[in-house]
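File shown: input11.cif. Contents: mmCIF, C-alpha atoms.
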```
data_my_file
loop_
_atom_site.label_atom_id
_atom_site.label_comp_id
_atom_site.auth_asym_id
_atom_site.auth_seq_id
_atom_site.Cartn_x
_atom_site.Cartn_y
_atom_site.Cartn_z
CA MET H 53 -2.41 -3.31 -3.09
CA ASN H 54 -5.52 -1.94 -4.78
CA GLU H 55 -3.30 -0.36 -7.43
CA TYR H 56 -1.66 -3.74 -8.01
CA ASP H 57 -5.06 -5.46 -8.16
CA SER H 58 -6.41 -2.84 -10.56
CA ASN H 59 -3.47 -3.36 -12.91
CA ARG H 60 -3.98 -7.12 -12.83
CA ILE H 61 -7.72 -6.77 -13.43
CA TYR H 62 -6.90 -4.81 -16.57
CA ASP H 63 -4.39 -7.47 -17.65
CA LEU H 64 -7.23 -10.00 -17.39
CA VAL H 65 -9.98 -8.07 -19.19
CA SER H 66 -7.58 -7.03 -21.96
CA THR H 67 -7.53 -10.69 -23.02
CA ILE H 68 -11.25 -10.51 -23.89
CA GLY H 69 -10.99 -7.34 -25.93
CA PHE H 70 -11.20 -4.48 -23.44
CA THR H 71 -8.87 -1.48 -23.73
CA LYS H 72 -8.51 1.53 -21.43
CA THR H 73 -10.05 4.86 -22.33
CA LYS H 74 -9.50 8.30 -20.81
CA ILE H 75 -12.72 9.56 -22.36
CA LYS H 76 -15.33 8.69 -19.77
CA ASN H 77 -18.40 8.85 -22.01
CA GLU H 78 -16.85 6.39 -24.45
CA ALA H 79 -16.55 3.63 -21.86
CA ASN H 80 -18.91 0.67 -22.00
CA CYS H 81 -17.60 -0.83 -18.77
CA PHE H 82 -16.69 0.79 -15.43
CA ILE H 83 -14.81 -1.17 -12.77
CA LEU H 84 -14.60 0.53 -9.37
CA ASN H 85 -11.93 -1.20 -7.29
CA THR H 86 -12.62 -0.37 -3.67
CA CYS H 87 -11.14 -0.16 -0.18
CA HIS H 88 -12.97 -0.72 3.11
CA ILE H 89 -10.43 0.54 5.62
CA ARG H 90 -12.33 3.75 6.34
CA GLU H 91 -15.99 4.72 6.21
CA LYS H 92 -15.59 7.52 3.67
CA ALA H 93 -14.20 5.07 1.12
CA THR H 94 -17.54 3.24 1.07
CA GLU H 95 -19.52 6.41 0.42
CA LYS H 96 -17.11 7.41 -2.33
CA VAL H 97 -18.24 4.33 -4.25
CA TYR H 98 -21.84 5.50 -4.30
CA ASP H 99 -20.75 9.05 -5.15
CA GLU H 100 -18.80 7.76 -8.13
CA ILE H 101 -21.71 5.64 -9.31
CA GLY H 102 -23.89 8.75 -9.10
CA ARG H 103 -21.49 10.57 -11.41
CA VAL H 104 -21.55 7.69 -13.89
CA LYS H 105 -25.36 7.65 -13.86
CA LYS H 106 -25.43 11.39 -14.55
CA ASP H 107 -22.90 11.17 -17.39
CA PHE H 108 -24.78 8.30 -19.05
CA LYS H 109 -28.29 9.62 -18.48
CA ASN H 110 -28.90 9.98 -22.23
CA LEU H 111 -26.48 7.28 -23.33
CA LYS H 112 -26.45 3.50 -23.35
CA LYS H 113 -25.87 2.24 -19.80
CA PRO H 114 -22.36 0.85 -19.31
CA LEU H 115 -21.58 -2.36 -17.45
CA VAL H 116 -20.85 -1.31 -13.84
CA ILE H 117 -18.68 -3.61 -11.71
CA ILE H 118 -17.69 -3.08 -8.07
CA SER H 119 -14.61 -5.01 -6.98
CA GLY H 120 -12.36 -5.01 -3.92
CA CYS H 121 -12.97 -4.97 -0.19
CA VAL H 122 -16.18 -2.89 -0.11
CA ALA H 123 -17.59 -5.38 -2.58
CA GLN H 124 -16.58 -8.23 -0.28
CA ALA H 125 -17.97 -6.68 2.89
CA GLU H 126 -21.20 -5.20 1.56
CA SER H 127 -22.07 -7.23 -1.53
CA GLU H 128 -25.74 -7.88 -0.78
CA GLU H 129 -26.33 -4.40 0.62
CA MET H 130 -24.76 -2.80 -2.44
CA MET H 131 -26.93 -4.78 -4.83
CA LYS H 132 -30.04 -3.72 -2.90
CA ARG H 133 -29.03 -0.10 -2.42
CA GLU H 134 -27.89 0.63 -5.98
CA PRO H 135 -29.71 -1.07 -8.91
CA TYR H 136 -27.24 0.56 -11.31
CA ILE H 137 -24.60 -1.96 -10.15
CA ASP H 138 -24.48 -5.01 -12.42
CA MET H 139 -21.80 -7.08 -10.74
CA VAL H 140 -19.99 -7.28 -7.40
CA ILE H 141 -16.66 -9.12 -7.21
CA GLY H 142 -14.62 -9.65 -4.04
CA PRO H 143 -10.81 -9.20 -3.95
CA GLN H 144 -10.20 -12.96 -3.87
CA SER H 145 -12.48 -13.61 -6.85
CA TYR H 146 -11.40 -11.08 -9.45
CA HIS H 147 -9.54 -13.73 -11.45
CA LYS H 148 -13.02 -14.87 -12.54
CA ILE H 149 -13.89 -11.49 -14.02
CA ASN H 150 -13.65 -12.52 -17.68
CA ASP H 151 -16.06 -15.44 -17.29
CA LEU H 152 -18.37 -13.26 -15.20
CA ILE H 153 -18.46 -10.49 -17.80
CA LEU H 154 -19.09 -12.90 -20.67
CA ASN H 155 -21.79 -14.64 -18.67
CA TYR H 156 -23.46 -11.29 -17.91
CA GLN H 157 -23.39 -10.32 -21.57
CA ARG H 158 -25.27 -13.52 -22.42
CA LYS H 159 -27.81 -13.56 -19.58
CA LYS H 160 -28.03 -9.90 -18.42
CA GLU H 161 -28.47 -11.10 -14.83
CA ARG H 162 -27.05 -9.14 -11.89
CA PHE H 163 -24.97 -11.17 -9.44
CA ASN H 164 -22.17 -11.08 -6.91
CA GLU H 165 -19.08 -13.24 -6.57
CA THR H 166 -17.39 -13.03 -3.20
CA GLU H 167 -15.90 -16.44 -2.46
CA PHE H 168 -12.44 -16.69 -0.90
CA ASP H 169 -10.46 -18.46 -3.60
CA VAL H 170 -7.03 -16.89 -3.23
CA ILE H 171 -4.96 -19.93 -4.28
CA LYS H 172 -6.77 -20.28 -7.58
CA LYS H 173 -6.62 -16.51 -8.06
CA PHE H 174 -2.84 -16.36 -8.17
CA ASP H 175 -2.63 -19.55 -10.23
CA GLU H 176 -4.89 -17.89 -12.82
CA LEU H 177 -3.04 -14.57 -12.67
CA GLN H 178 0.21 -16.35 -13.40
CA LYS H 179 -1.19 -17.29 -16.82
CA VAL H 180 -1.54 -13.60 -17.79
CA SER H 181 1.66 -11.58 -17.95
CA ASN H 182 1.89 -8.50 -15.71
CA SER H 183 1.88 -5.53 -18.10
CA GLN H 184 2.90 -2.96 -15.45
CA SER H 185 5.81 -0.92 -16.80
CA LYS H 186 6.49 1.64 -14.08
CA ILE H 187 9.97 2.44 -12.79
CA SER H 188 8.66 1.68 -9.28
CA SER H 189 6.36 -1.36 -9.48
CA TYR H 190 4.20 -3.16 -6.94
CA LEU H 191 4.23 -6.92 -6.46
CA THR H 192 1.81 -8.71 -4.12
CA ILE H 193 3.43 -11.64 -2.30
CA GLN H 194 0.97 -12.18 0.54
CA GLU H 195 -2.69 -11.49 1.27
CA GLY H 196 -4.98 -11.65 4.28
CA CYS H 197 -4.19 -11.50 7.95
CA ASP H 198 -4.49 -13.76 11.00
CA LYS H 199 -3.77 -11.08 13.61
CA PHE H 200 -7.41 -9.93 14.07
CA CYS H 201 -6.65 -6.49 15.46
CA HIS H 202 -9.98 -5.37 16.90
CA PHE H 203 -10.24 -2.26 14.69
CA CYS H 204 -9.31 -3.93 11.40
CA VAL H 205 -11.61 -5.27 8.71
CA VAL H 206 -8.89 -6.99 6.64
CA PRO H 207 -9.36 -10.55 8.02
CA TYR H 208 -13.02 -10.33 7.05
CA THR H 209 -12.56 -8.86 3.56
CA ARG H 210 -9.26 -10.47 2.49
CA GLY H 211 -9.49 -13.66 4.51
CA PRO H 212 -6.74 -15.62 6.31
CA GLU H 213 -3.06 -15.22 5.55
CA TYR H 214 -1.97 -16.70 2.25
CA SER H 215 1.59 -16.65 0.89
CA ARG H 216 2.16 -17.03 -2.84
CA PRO H 217 4.61 -19.70 -4.04
CA ILE H 218 8.05 -18.15 -4.21
CA LYS H 219 8.59 -19.19 -7.84
CA GLN H 220 5.47 -17.24 -8.88
CA ILE H 221 6.85 -14.17 -7.13
CA ILE H 222 10.35 -14.33 -8.61
CA ASP H 223 8.98 -15.04 -12.09
CA GLU H 224 6.69 -12.01 -11.85
CA ALA H 225 9.53 -9.87 -10.48
CA ASN H 226 11.66 -10.77 -13.49
CA ILE H 227 8.81 -9.79 -15.81
CA LEU H 228 8.48 -6.44 -14.06
CA VAL H 229 12.21 -5.82 -14.36
CA GLU H 230 12.14 -6.69 -18.06
CA ASN H 231 9.23 -4.24 -18.38
CA GLY H 232 11.49 -1.52 -17.01
CA ALA H 233 11.08 -1.66 -13.23
CA LYS H 234 14.10 -0.45 -11.29
CA GLU H 235 12.36 -0.67 -7.92
CA ILE H 236 10.00 -3.37 -6.65
CA ILE H 237 7.75 -2.82 -3.65
CA LEU H 238 6.62 -6.12 -2.15
CA LEU H 239 3.05 -5.98 -0.88
CA GLY H 240 0.93 -7.76 1.68
CA GLN H 241 -1.71 -6.91 4.24
CA ASN H 242 0.86 -8.38 6.61
CA VAL H 243 3.80 -8.67 4.25
CA ASN H 244 6.41 -9.86 6.75
CA ALA H 245 4.16 -12.76 7.75
CA TYR H 246 5.05 -14.31 4.38
CA ASN H 247 5.69 -18.01 4.96
CA PHE H 248 5.80 -20.53 2.12
CA TYR H 249 6.84 -24.15 2.63
CA GLU H 250 7.97 -26.31 -0.29
CA LYS H 251 10.23 -29.33 -0.72
CA ASN H 252 11.30 -29.40 2.92
CA LYS H 253 12.31 -25.75 2.82
CA ASN H 254 10.66 -22.79 4.49
CA TYR H 255 10.71 -19.49 2.59
CA ARG H 256 10.23 -16.19 4.40
CA LEU H 257 10.17 -12.54 3.28
CA SER H 258 13.93 -12.50 3.76
CA SER H 259 14.21 -15.31 1.16
CA ILE H 260 12.42 -13.19 -1.44
CA ILE H 261 14.51 -10.10 -0.66
CA ARG H 262 17.73 -12.05 -1.08
CA GLU H 263 16.52 -13.49 -4.41
CA LEU H 264 15.57 -10.04 -5.68
CA ASN H 265 18.87 -8.63 -4.48
CA ASP H 266 20.57 -10.82 -7.09
CA ILE H 267 18.55 -9.48 -10.06
CA LYS H 268 21.13 -7.37 -11.87
CA LYS H 269 18.87 -4.72 -13.43
CA LEU H 270 16.90 -4.15 -10.22
CA LYS H 271 18.16 -1.20 -8.16
CA ARG H 272 15.87 -0.91 -5.13
CA ILE H 273 13.70 -3.19 -2.96
CA ARG H 274 11.01 -2.18 -0.47
CA PHE H 275 8.14 -3.91 1.32
CA THR H 276 4.94 -2.84 3.06
CA THR H 277 2.98 -3.17 5.32
CA SER H 278 4.64 -4.93 8.25
CA HIS H 279 3.54 -6.07 11.68
CA PRO H 280 6.02 -5.60 14.55
CA LYS H 281 5.58 -9.21 15.73
CA ASP H 282 6.80 -10.52 12.37
CA MET H 283 10.06 -8.56 12.28
CA THR H 284 12.11 -11.74 12.60
CA GLU H 285 15.89 -11.87 12.98
CA ASP H 286 16.40 -13.17 9.43
CA LEU H 287 14.44 -10.21 8.07
CA ILE H 288 16.26 -7.68 10.25
CA ASN H 289 19.59 -9.10 9.03
CA CYS H 290 18.63 -8.28 5.44
CA TYR H 291 19.23 -4.64 6.30
CA LYS H 292 22.87 -5.51 6.96
CA ASP H 293 23.89 -7.22 3.75
CA CYS H 294 21.19 -6.69 1.08
CA LYS H 295 22.39 -3.44 -0.46
CA LYS H 296 19.32 -3.01 -2.67
CA LEU H 297 16.95 -3.13 0.32
CA MET H 298 16.26 0.50 1.16
CA PRO H 299 17.02 1.59 4.76
CA PHE H 300 13.43 2.67 5.34
CA LEU H 301 10.68 0.72 7.09
CA HIS H 302 7.00 1.47 7.49
CA LEU H 303 6.16 -0.21 10.80
CA PRO H 304 2.68 0.67 12.14
CA ILE H 305 2.23 0.74 15.90
CA GLN H 306 -1.18 2.54 16.04
CA SER H 307 -0.74 3.70 19.66
CA GLY H 308 2.04 4.34 22.18
CA SER H 309 -0.13 3.19 25.07
CA ASN H 310 0.21 -0.43 26.26
CA HIS H 311 -3.34 -0.25 27.57
CA ILE H 312 -4.69 0.71 24.13
CA LEU H 313 -2.41 -1.74 22.30
CA LYS H 314 -3.86 -4.53 24.42
CA SER H 315 -7.40 -3.30 23.79
CA MET H 316 -6.61 -3.25 20.06
CA ASN H 317 -5.32 -6.85 20.27
CA ARG H 318 -2.05 -5.80 18.65
CA LYS H 319 -0.11 -8.66 20.33
CA HIS H 320 2.86 -6.47 21.29
CA ASP H 321 3.61 -3.59 23.64
CA LYS H 322 5.54 -0.37 23.06
CA GLU H 323 8.68 -1.79 24.71
CA TYR H 324 8.76 -4.64 22.19
CA TYR H 325 8.19 -2.18 19.33
CA ILE H 326 11.08 -0.01 20.47
CA SER H 327 13.31 -3.09 20.84
CA VAL H 328 12.68 -3.98 17.18
CA ILE H 329 13.73 -0.48 16.09
CA GLU H 330 16.84 -0.67 18.26
CA LYS H 331 17.80 -4.00 16.64
CA LEU H 332 17.32 -2.49 13.19
CA LYS H 333 19.45 0.55 13.96
CA LYS H 334 22.15 -1.62 15.47
CA ILE H 335 22.28 -3.58 12.22
CA ASN H 336 22.14 -0.46 10.02
CA ARG H 337 22.51 3.05 11.45
CA GLU H 338 20.97 4.59 8.33
CA ILE H 339 17.53 3.05 8.92
CA LYS H 340 14.61 5.41 9.39
CA ILE H 341 11.04 4.56 10.39
CA SER H 342 7.51 5.67 9.52
CA SER H 343 4.31 4.49 11.18
CA ASP H 344 0.51 4.66 11.47
CA PHE H 345 -1.45 6.06 14.41
CA ILE H 346 -5.10 5.73 15.36
CA VAL H 347 -6.29 8.62 17.54
CA GLY H 348 -9.36 8.38 19.75
CA TYR H 349 -9.56 4.60 19.93
CA PRO H 350 -12.43 3.65 22.30
CA GLY H 351 -11.27 4.05 25.89
CA GLU H 352 -8.24 6.21 25.05
CA SER H 353 -7.55 8.52 28.00
CA LYS H 354 -5.42 11.64 28.05
CA ASN H 355 -2.59 9.59 29.58
CA ASP H 356 -2.91 7.02 26.79
CA PHE H 357 -2.67 9.80 24.24
CA MET H 358 0.38 11.30 25.97
CA ASP H 359 2.05 7.87 25.85
CA THR H 360 1.66 8.02 22.07
CA VAL H 361 3.17 11.51 21.98
CA LYS H 362 6.14 10.31 24.06
CA LEU H 363 6.69 7.36 21.71
CA ILE H 364 6.70 9.66 18.68
CA GLU H 365 9.21 11.96 20.31
CA LYS H 366 11.43 9.02 21.28
CA VAL H 367 11.49 7.38 17.82
CA GLY H 368 11.36 10.50 15.63
CA PHE H 369 9.37 9.08 12.73
CA ILE H 370 10.28 10.68 9.40
CA ASN H 371 6.79 10.22 7.94
CA SER H 372 3.56 8.88 9.40
CA TYR H 373 -0.16 8.57 8.82
CA SER H 374 -2.66 9.42 11.53
CA PHE H 375 -6.43 9.07 11.64
CA ILE H 376 -9.31 9.32 14.05
CA PHE H 377 -10.69 5.87 14.86
CA SER H 378 -13.27 4.81 12.29
CA PRO H 379 -15.43 1.85 13.41
CA ARG H 380 -15.74 -0.79 10.72
CA PRO H 381 -18.87 -2.96 10.78
CA GLY H 382 -18.29 -6.49 12.03
CA THR H 383 -15.07 -5.78 13.91
CA PRO H 384 -14.91 -6.14 17.73
CA ALA H 385 -14.11 -2.44 18.16
CA SER H 386 -17.26 -1.38 16.29
CA ASP H 387 -19.36 -2.16 19.37
CA LYS H 388 -17.25 -0.05 21.73
CA LYS H 389 -18.35 3.34 23.05
CA LEU H 390 -16.79 6.14 21.01
CA ASN H 391 -14.78 8.99 22.48
CA GLY H 392 -15.98 12.58 22.09
CA THR H 393 -15.61 14.00 18.57
CA THR H 394 -14.21 17.35 19.70
CA GLU H 395 -11.59 15.71 21.90
CA ASN H 396 -10.60 13.34 19.09
CA LEU H 397 -10.16 16.22 16.66
CA GLN H 398 -7.99 18.12 19.14
CA ARG H 399 -5.79 15.07 19.68
CA LEU H 400 -5.49 14.45 15.95
CA LYS H 401 -4.39 18.04 15.34
CA GLU H 402 -1.85 17.78 18.14
CA ILE H 403 -0.36 14.50 16.97
CA GLN H 404 -0.24 15.66 13.35
CA ARG H 405 1.52 18.86 14.40
CA ILE H 406 4.21 16.82 16.17
CA LEU H 407 4.56 14.36 13.30
CA GLU H 408 4.76 17.17 10.75
CA ASN H 409 7.51 18.88 12.76
CA PHE H 410 9.61 15.72 12.63
CA GLN H 411 8.95 15.47 8.90
CA ILE H 412 10.06 19.06 8.32
CA LYS H 413 13.18 18.64 10.50
CA ASN H 414 14.12 15.53 8.56
CA ASN H 415 13.70 17.30 5.21
CA GLU H 416 15.67 20.30 6.47
CA LYS H 417 18.72 18.04 6.91
CA TYR H 418 18.87 17.64 3.13
CA LEU H 419 19.21 21.39 2.47
CA ASN H 420 22.36 22.09 0.38
CA GLN H 421 23.21 18.38 0.50
CA PHE H 422 23.29 15.79 -2.28
CA CYS H 423 20.97 12.80 -2.12
CA GLU H 424 20.42 9.75 -4.32
CA VAL H 425 17.18 9.93 -6.31
CA LEU H 426 15.60 7.24 -8.48
CA ILE H 427 13.93 9.09 -11.35
CA GLU H 428 10.36 7.83 -11.85
CA ASN H 429 8.83 10.28 -14.31
CA LYS H 430 8.65 13.82 -15.62
CA VAL H 431 6.50 16.44 -13.91
CA ASN H 432 3.47 17.54 -15.96
CA SER H 433 5.23 20.56 -17.42
CA GLY H 434 7.93 18.27 -18.80
CA GLU H 435 10.66 20.63 -17.63
CA LYS H 436 11.29 18.93 -14.29
CA PHE H 437 11.70 15.38 -13.04
CA PHE H 438 10.16 13.46 -10.16
CA GLY H 439 11.85 10.79 -8.08
CA ARG H 440 12.27 9.54 -4.54
CA THR H 441 15.12 9.30 -2.06
CA ARG H 442 16.09 6.05 -0.42
CA TYR H 443 13.60 7.01 2.31
CA MET H 444 10.64 7.45 -0.09
CA THR H 445 10.73 11.25 0.20
CA PRO H 446 9.48 12.83 -3.06
CA VAL H 447 12.00 14.98 -4.94
CA ILE H 448 11.17 17.42 -7.75
CA PHE H 449 14.23 18.69 -9.57
CA GLU H 450 15.64 20.34 -12.67
CA SER H 451 18.21 18.52 -14.77
CA GLU H 452 20.47 19.26 -17.72
CA LYS H 453 20.37 15.64 -18.81
CA CYS H 454 18.96 12.48 -17.26
CA ASN H 455 16.71 9.54 -18.10
CA LEU H 456 13.85 7.79 -16.36
CA GLY H 457 15.05 4.85 -14.28
CA GLU H 458 18.43 6.36 -13.51
CA ILE H 459 19.72 6.98 -10.01
CA VAL H 460 21.22 10.45 -9.82
CA ASP H 461 22.66 12.76 -7.19
CA VAL H 462 20.42 15.79 -6.68
CA LYS H 463 21.49 18.87 -4.74
CA ILE H 464 18.59 19.97 -2.53
CA THR H 465 17.93 23.71 -2.71
CA SER H 466 14.59 23.95 -0.84
CA PHE H 467 11.95 21.86 0.86
CA ASN H 468 8.51 21.79 2.41
CA GLN H 469 6.80 19.32 4.71
CA LYS H 470 6.35 16.61 2.09
CA ASN H 471 8.79 17.34 -0.75
CA LEU H 472 12.37 18.15 -1.54
CA PHE H 473 13.33 20.43 -4.45
CA GLY H 474 16.67 20.52 -6.16
CA ILE H 475 18.99 20.57 -9.15
CA HIS H 476 20.83 17.76 -10.89
CA LYS H 477 23.89 18.50 -12.97
CA THR H 478 25.58 16.03 -15.30
CA ASN H 479 28.80 16.08 -13.31
CA THR H 480 26.91 14.51 -10.37
CA TYR H 481 25.44 11.77 -12.58
CA LYS H 482 25.42 8.18 -11.35
CA ALA H 483 24.83 5.43 -13.86
CA ALA H 484 21.93 3.14 -13.03
#
```

Rewrite the structure of this file - the entire thing - as structure tokens.
Amino acid sequence: MNEYDSNRIYDLVSTIGFTKTKIKNEANCFILNTCHIREKATEKVYDEIGRVKKDFKNLKKPLVIISGCVAQAESEEMMKREPYIDMVIGPQSYHKINDLILNYQRKKERFNETEFDVIKKFDELQKVSNSQSKISSYLTIQEGCDKFCHFCVVPYTRGPEYSRPIKQIIDEANILVENGAKEIILLGQNVNAYNFYEKNKNYRLSSIIRELNDIKKLKRIRFTTSHPKDMTEDLINCYKDCKKLMPFLHLPIQSGSNHILKSMNRKHDKEYYISVIEKLKKINREIKISSDFIVGYPGESKNDFMDTVKLIEKVGFINSYSFIFSPRPGTPASDKKLNGTTENLQRLKEIQRILENFQIKNNEKYLNQFCEVLIENKVNSGEKFFGRTRYMTPVIFESEKCNLGEIVDVKITSFNQKNLFGIHKTNTYKAA
């Protein structure tokens, strides 16, 4: 979502004369778009500002703007801690950036803008065309979250759930496709909570998927990130008859222990989570799942951890992200007593070992097989191509002849934990 926001911020500032530069010392404005999910992300902001200060020590100071969730959560603290910052803009206020920049240029006064104004934000963004021209493009449909998981800062930095009007979404999707997108990834902090009511009709995520499925030039549809409680029957059914919806779902559970899930306020147990996966696989046997895991959540016992291990072994996730619990200020879990650091590290290593083994076993199945790959770009050397399978697995391959945006059959010749490697020959070509 931060990548989407960053692209849209550039679309906005380009209308008042700004252009991108790859030469750092030539810039007269730096915008650091930030994330607040983990503690290290906050410190990275100050590290980056330190580098800018060093680079511009003997040059005219550039305008320095901090946007995103760190800006929202720590606006006053940031202004006090770092005088080099000129402006702080929250993620629901960045549509105001042009007026804020012009106002700063006139008055030279430091200030922060962190109001929750999400409805106006998307209304304003609709006036500026999305310039993103990637083969695989992001599209935000929903922001905020009402779940209030005890470890999560999102409800405090992004606000309550808001679903964009469906017409805005479809119009923007069509623009992205005309710009060259062959795949659209629908985004939301809780994307499958999308719920827009208009003219006596209720639109859900399934409504958007079915609309996108009818766009002729679009080849693939994905969405992230989902909450298990919002995997409704209408959404599950999309995996049966929407051929462009990829048979891959990122469905975070965070823990395999019902005790920890309750402590996290996740609003589901592991049995419910497994039942959702069983429904999906009954609808479409090709579906594969990835997830997120928090290790060392306050109060996690060895038995709780082993419940997570058992869940992983039962489901067989093809790709997952795992982290040691990181307390975020202002969340209910931030006040809880932390587990021992050494024990947490041991558990993280163990769970990552198990997850990596599943990842390797899944990739091994591709060896000497053909798989469909959407070509996204050329590798730096220009001699190879990069794309992804239907399951988001990266593929680097050689080709006699192919073009970006095509879907081709690639024969896999080798693999590692994260990537597949292969060869594409013209006689295996599939027209996009």

- Item | Atomic distance atom CA of Asn289 of chain H - atom CA of Lys186 of chain H, expressed in Å with one decimal |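 Separation between atom CA of Asn289 of chain H and atom CA of Lys186 of chain H: 28.7 Å.
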
- Message: Once the PyMOL selection byres ((chain H and resi 400) around 9) is applied to the coordinates I shared, what remains selected? I want it as a ChimeraX atom specification.
- Response: /H:346-348,374-376,395-399,401-405

- Message: What's the separation between atom CA of Glu458 of chain H and atom CA of Lys295 of chain H, in Å to one decimal place?
- Response: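 Computing the Euclidean distance for atom CA of Glu458 of chain H and atom CA of Lys295 of chain H yields 16.8 Å.
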
- For Lys269 of chain H, which residue out of H:Lys172, H:Lys109, H:Glu285, H:Gly457 is the nearest one, using all atoms listed in the file?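 Smallest separation from Lys269 of chain H among the options: H:Gly457.
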
Once the PyMOL selection byres ((chain H and resi 265) around 12) is applied to the coordinates I shared, what remains selected? I want it as an mmCIF file with C-alpha atoms, in the coordinates of the input.
```cif
data_model
loop_
_atom_site.group_PDB
_atom_site.id
_atom_site.type_symbol
_atom_site.label_atom_id
_atom_site.label_comp_id
_atom_site.auth_asym_id
_atom_site.auth_seq_id
_atom_site.Cartn_x
_atom_site.Cartn_y
_atom_site.Cartn_z
ATOM 1 C CA ILE H 222 10.350 -14.330 -8.610
ATOM 2 C CA ALA H 225 9.530 -9.870 -10.480
ATOM 3 C CA ASN H 226 11.660 -10.770 -13.490
ATOM 4 C CA LYS H 234 14.100 -0.450 -11.290
ATOM 5 C CA GLU H 235 12.360 -0.670 -7.920
ATOM 6 C CA ILE H 236 10.000 -3.370 -6.650
ATOM 7 C CA SER H 258 13.930 -12.500 3.760
ATOM 8 C CA SER H 259 14.210 -15.310 1.160
ATOM 9 C CA ILE H 260 12.420 -13.190 -1.440
ATOM 10 C CA ILE H 261 14.510 -10.100 -0.660
ATOM 11 C CA ARG H 262 17.730 -12.050 -1.080
ATOM 12 C CA GLU H 263 16.520 -13.490 -4.410
ATOM 13 C CA LEU H 264 15.570 -10.040 -5.680
ATOM 14 C CA ASP H 266 20.570 -10.820 -7.090
ATOM 15 C CA ILE H 267 18.550 -9.480 -10.060
ATOM 16 C CA LYS H 268 21.130 -7.370 -11.870
ATOM 17 C CA LYS H 269 18.870 -4.720 -13.430
ATOM 18 C CA LEU H 270 16.900 -4.150 -10.220
ATOM 19 C CA LYS H 271 18.160 -1.200 -8.160
ATOM 20 C CA ARG H 272 15.870 -0.910 -5.130
ATOM 21 C CA ILE H 273 13.700 -3.190 -2.960
ATOM 22 C CA ARG H 274 11.010 -2.180 -0.470
ATOM 23 C CA CYS H 290 18.630 -8.280 5.440
ATOM 24 C CA TYR H 291 19.230 -4.640 6.300
ATOM 25 C CA ASP H 293 23.890 -7.220 3.750
ATOM 26 C CA CYS H 294 21.190 -6.690 1.080
ATOM 27 C CA LYS H 295 22.390 -3.440 -0.460
ATOM 28 C CA LYS H 296 19.320 -3.010 -2.670
ATOM 29 C CA LEU H 297 16.950 -3.130 0.320
ATOM 30 C CA MET H 298 16.260 0.500 1.160
#
```

- Message: Given the point (13.7, 25.8, -16.6) in the coordinates of this file, which residues lie within 12 Å, counting only C-alpha atoms, and how would they look as a ChimeraX atom specification?
- Response: /H:433-437,449-452,475

- Output check: residues returned by the PyMOL selection byres ((chain H and resi 207) around 10), as a ChimeraX atom specification: /H:195-201,204-206,208-213,241,383

- So what do you get for atom CA of Val122 of chain H versus atom CA of Glu165 of chain H, distance-wise?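 So the answer is 12.5 Å.
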
For a cut-off of 10 Å around (-5.0, -0.9, 17.1), file coordinates, pick out all residues using all atoms listed in the file and list them as a PDB file with C-alpha atoms, in the frame of the given file.
```pdb
ATOM      1  CA  PHE H 200      -7.410  -9.930  14.070  1.00  0.00           C
ATOM      2  CA  CYS H 201      -6.650  -6.490  15.460  1.00  0.00           C
ATOM      3  CA  HIS H 202      -9.980  -5.370  16.900  1.00  0.00           C
ATOM      4  CA  PHE H 203     -10.240  -2.260  14.690  1.00  0.00           C
ATOM      5  CA  CYS H 204      -9.310  -3.930  11.400  1.00  0.00           C
ATOM      6  CA  PRO H 304       2.680   0.670  12.140  1.00  0.00           C
ATOM      7  CA  ILE H 305       2.230   0.740  15.900  1.00  0.00           C
ATOM      8  CA  GLN H 306      -1.180   2.540  16.040  1.00  0.00           C
ATOM      9  CA  SER H 307      -0.740   3.700  19.660  1.00  0.00           C
ATOM     10  CA  ILE H 312      -4.690   0.710  24.130  1.00  0.00           C
ATOM     11  CA  LEU H 313      -2.410  -1.740  22.300  1.00  0.00           C
ATOM     12  CA  LYS H 314      -3.860  -4.530  24.420  1.00  0.00           C
ATOM     13  CA  SER H 315      -7.400  -3.300  23.790  1.00  0.00           C
ATOM     14  CA  MET H 316      -6.610  -3.250  20.060  1.00  0.00           C
ATOM     15  CA  ASN H 317      -5.320  -6.850  20.270  1.00  0.00           C
ATOM     16  CA  ARG H 318      -2.050  -5.800  18.650  1.00  0.00           C
ATOM     17  CA  LYS H 319      -0.110  -8.660  20.330  1.00  0.00           C
ATOM     18  CA  ASP H 344       0.510   4.660  11.470  1.00  0.00           C
ATOM     19  CA  PHE H 345      -1.450   6.060  14.410  1.00  0.00           C
ATOM     20  CA  ILE H 346      -5.100   5.730  15.360  1.00  0.00           C
ATOM     21  CA  VAL H 347      -6.290   8.620  17.540  1.00  0.00           C
ATOM     22  CA  TYR H 349      -9.560   4.600  19.930  1.00  0.00           C
ATOM     23  CA  PHE H 377     -10.690   5.870  14.860  1.00  0.00           C
ATOM     24  CA  ALA H 385     -14.110  -2.440  18.160  1.00  0.00           C
TER      25      ALA H 385
END
```

- Got a sec: who's within 12 Å of Ile171 of chain H, counting all atoms listed in the file, leaving out chain neighbours fewer than 3 positions off, as a ChimeraX atom specification? /H:144-145,147,167-168,174-178,193-196,211-217,220

- Shortest interatomic distance to Lys148 of chain H - which of H:Arg60, H:Leu472, H:Thr478, H:Ser342, counting only C-alpha atoms: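 With only C-alpha atoms as the atom set, the closest residue is H:Arg60.
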
- Query: Closest to Glu352 of chain H among H:Asn310, H:Thr166, H:Asn471, H:Asn371, using all atoms listed in the file?
  - Reply: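 Going through H:Asn310, H:Thr166, H:Asn471, H:Asn371 one by one, the smallest distance to Glu352 of chain H is for H:Asn310.
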